[in-house]
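Engineer: Input: one structure, supplied below.
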Amino acid sequence: MTEIDLQIETNVYNEPYRCKGKKHTDGSIVTYEWEESREKGEKPSKYRLTVDPQAKSCELIRAGDVKSKLTFKPGERTLGSFVTVYGEMEMHIKTMYINMPNMFTRSVEISYSLDENSDLSVNTFVLREI
């Protein structure tokens, strides 16, 4: 794994999050790993984003006090899960698009919506190598 600088942007927060991370490439599959803690007193969560350009999909796994597994596939409705101290919630994910890293950009951009039972209806998640 190579150590890199990352910037994470999401509609959930007003400000981008910058951190050190790791990147691993295995053929065309790219895996990013980082830790994130945005609120004072919040324990860091560990994240792993796996990008598979051939399958045109991404998987985001979060470990820590809140655990989640989200699978993104454009044009498909996938099932994600969040595990909190209050229990497990399953959510349907509708991925609008994924912009994969390529020779012009070192960013991954995922636009998706969660089912209507969520506070977050539409989100754009961007992971950028800086």
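Labeling convention for the structure tokens: chains A, B, ... as they appear, residues from 1 per chain, ligands from 1 in order of appearance.
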Using only C-alpha atoms, I'd like a table of the residues in range 6-54 of chain A that come within 7 Å of range 60-73 of chain A; for each, show the closest atom pair and its distance in Å rounded to one decimal, ordered by chain and ascending number, as a Markdown table.
Structural biologist:
| residue | atom | partner | partner_atom | distance |
| --- | --- | --- | --- | --- |
| A:Pro44 | CA | A:Gly64 | CA | 6.9 |
| A:Ser45 | CA | A:Gly64 | CA | 4.7 |
| A:Lys46 | CA | A:Ala63 | CA | 5.1 |
| A:Tyr47 | CA | A:Arg62 | CA | 4.6 |
| A:Arg48 | CA | A:Ile61 | CA | 5.2 |
| A:Leu49 | CA | A:Leu60 | CA | 4.5 |
| A:Thr50 | CA | A:Leu60 | CA | 6.6 |
Engineer: Can you tell me which residues surround Val12 in chain A at a distance of at most 12 Å, considering only C-alpha atoms, apart from same-chain residues fewer than 5 positions away, and format the answer as number ranges by chain?
Structural biologist: A: 17, 38, 119-126
Engineer: Compare A:Ile93, A:Val108, A:Leu127, A:Met103 by their minimum atom-to-atom distance to Cys19 in chain A, counting only C-alpha atoms, and give me the closest one.
Structural biologist: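 Comparing A:Ile93, A:Val108, A:Leu127, A:Met103 against Cys19 in chain A, the winner is A:Leu127.
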Engineer: Enumerate, as a ChimeraX atom specification, the complete set of residues in range 49-96 of chain A that a backbone-based DSSP assignment places in strand (DSSP E or B).
Structural biologist: /A:49-52,57-63,67-72,77-84,87-96
Engineer: Using only C-alpha atoms for the distances, tell me which of A:Thr31, A:Thr78, A:Gln7, A:Asn14 is nearest to Glu90 in chain A.
Structural biologist: A:Thr78
Engineer: So which residues touch Tyr97 in chain A within 6 Å, counting only C-alpha atoms, skipping near sequence neighbours fewer than 3 positions away, as a PDB file with N, CA and C atoms, in the first residue's frame?
Structural biologist:
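This went into selection-v1.pdb:
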ATOM      1  N   PRO A  74     -24.216   1.959 -10.649  1.00  0.00           N
ATOM      2  CA  PRO A  74     -25.115   2.856 -11.380  1.00  0.00           C
ATOM      3  C   PRO A  74     -26.251   2.111 -12.064  1.00  0.00           C
ATOM      4  N   ILE A 110     -19.179   9.622  -6.413  1.00  0.00           N
ATOM      5  CA  ILE A 110     -20.342   8.736  -6.383  1.00  0.00           C
ATOM      6  C   ILE A 110     -21.566   9.562  -6.020  1.00  0.00           C
ATOM      7  N   SER A 111     -22.560   9.544  -6.857  1.00  0.00           N
ATOM      8  CA  SER A 111     -23.827  10.226  -6.571  1.00  0.00           C
ATOM      9  C   SER A 111     -24.889   9.161  -6.342  1.00  0.00           C
TER      10      SER A 111
END
Engineer: What gap, in Å, lies between CA of His24 in chain A and CA of Thr10 in chain A?
Structural biologist: 22.6 Å
Engineer: How far is it from CA of Arg106 in chain A to CA of Thr25 in chain A, in Å with one decimal?
Structural biologist: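 It comes out at 13.0 Å.
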Engineer: Residues within 12 Å of Arg77 in chain A, please, as a list in words. Count only C-alpha atoms; anything in the same chain fewer than 5 positions from it doesn't count.
Structural biologist: Ser57, Leu70, Thr71, Phe72, Met91, His92, Ile93, Lys94, Thr95, Met96, Tyr112, Ser113, Leu114 and Asp115 of chain A
Engineer: Output N, CA and C atoms of each residue in that selection to a file, as a PDB file, in the first residue's frame.
Structural biologist:
ATOM      1  N   SER A  57     -18.457  -0.572 -10.305  1.00  0.00           N
ATOM      2  CA  SER A  57     -19.046  -0.550  -8.970  1.00  0.00           C
ATOM      3  C   SER A  57     -18.014  -0.108  -7.931  1.00  0.00           C
ATOM      4  N   LEU A  70     -21.814  -0.145   2.114  1.00  0.00           N
ATOM      5  CA  LEU A  70     -22.614   0.400   1.029  1.00  0.00           C
ATOM      6  C   LEU A  70     -22.014  -0.056  -0.296  1.00  0.00           C
ATOM      7  N   THR A  71     -22.848  -0.578  -1.167  1.00  0.00           N
ATOM      8  CA  THR A  71     -22.419  -1.002  -2.492  1.00  0.00           C
ATOM      9  C   THR A  71     -23.095  -0.106  -3.518  1.00  0.00           C
ATOM     10  N   PHE A  72     -22.294   0.441  -4.419  1.00  0.00           N
ATOM     11  CA  PHE A  72     -22.794   1.384  -5.425  1.00  0.00           C
ATOM     12  C   PHE A  72     -22.622   0.793  -6.820  1.00  0.00           C
ATOM     13  N   MET A  91     -30.797  -0.149   4.229  1.00  0.00           N
ATOM     14  CA  MET A  91     -31.255   0.920   3.352  1.00  0.00           C
ATOM     15  C   MET A  91     -31.013   0.536   1.906  1.00  0.00           C
ATOM     16  N   HIS A  92     -31.963   0.888   1.081  1.00  0.00           N
ATOM     17  CA  HIS A  92     -31.773   0.701  -0.352  1.00  0.00           C
ATOM     18  C   HIS A  92     -31.014   1.899  -0.903  1.00  0.00           C
ATOM     19  N   ILE A  93     -30.078   1.610  -1.774  1.00  0.00           N
ATOM     20  CA  ILE A  93     -29.228   2.632  -2.373  1.00  0.00           C
ATOM     21  C   ILE A  93     -29.499   2.666  -3.872  1.00  0.00           C
ATOM     22  N   LYS A  94     -29.778   3.852  -4.382  1.00  0.00           N
ATOM     23  CA  LYS A  94     -29.921   4.034  -5.831  1.00  0.00           C
ATOM     24  C   LYS A  94     -28.745   4.893  -6.277  1.00  0.00           C
ATOM     25  N   THR A  95     -27.842   4.308  -7.045  1.00  0.00           N
ATOM     26  CA  THR A  95     -26.660   5.028  -7.523  1.00  0.00           C
ATOM     27  C   THR A  95     -26.988   5.688  -8.857  1.00  0.00           C
ATOM     28  N   MET A  96     -26.846   7.020  -8.890  1.00  0.00           N
ATOM     29  CA  MET A  96     -27.076   7.739 -10.139  1.00  0.00           C
ATOM     30  C   MET A  96     -25.874   7.595 -11.073  1.00  0.00           C
ATOM     31  N   TYR A 112     -25.571   9.273  -5.188  1.00  0.00           N
ATOM     32  CA  TYR A 112     -26.542   8.239  -4.838  1.00  0.00           C
ATOM     33  C   TYR A 112     -27.638   8.807  -3.964  1.00  0.00           C
ATOM     34  N   SER A 113     -28.709   8.046  -3.838  1.00  0.00           N
ATOM     35  CA  SER A 113     -29.778   8.400  -2.901  1.00  0.00           C
ATOM     36  C   SER A 113     -30.102   7.168  -2.067  1.00  0.00           C
ATOM     37  N   LEU A 114     -30.556   7.441  -0.848  1.00  0.00           N
ATOM     38  CA  LEU A 114     -31.006   6.382   0.045  1.00  0.00           C
ATOM     39  C   LEU A 114     -32.520   6.384   0.067  1.00  0.00           C
ATOM     40  N   ASP A 115     -33.114   5.268   0.514  1.00  0.00           N
ATOM     41  CA  ASP A 115     -34.573   5.207   0.530  1.00  0.00           C
ATOM     42  C   ASP A 115     -35.156   6.339   1.380  1.00  0.00           C
TER      43      ASP A 115
END
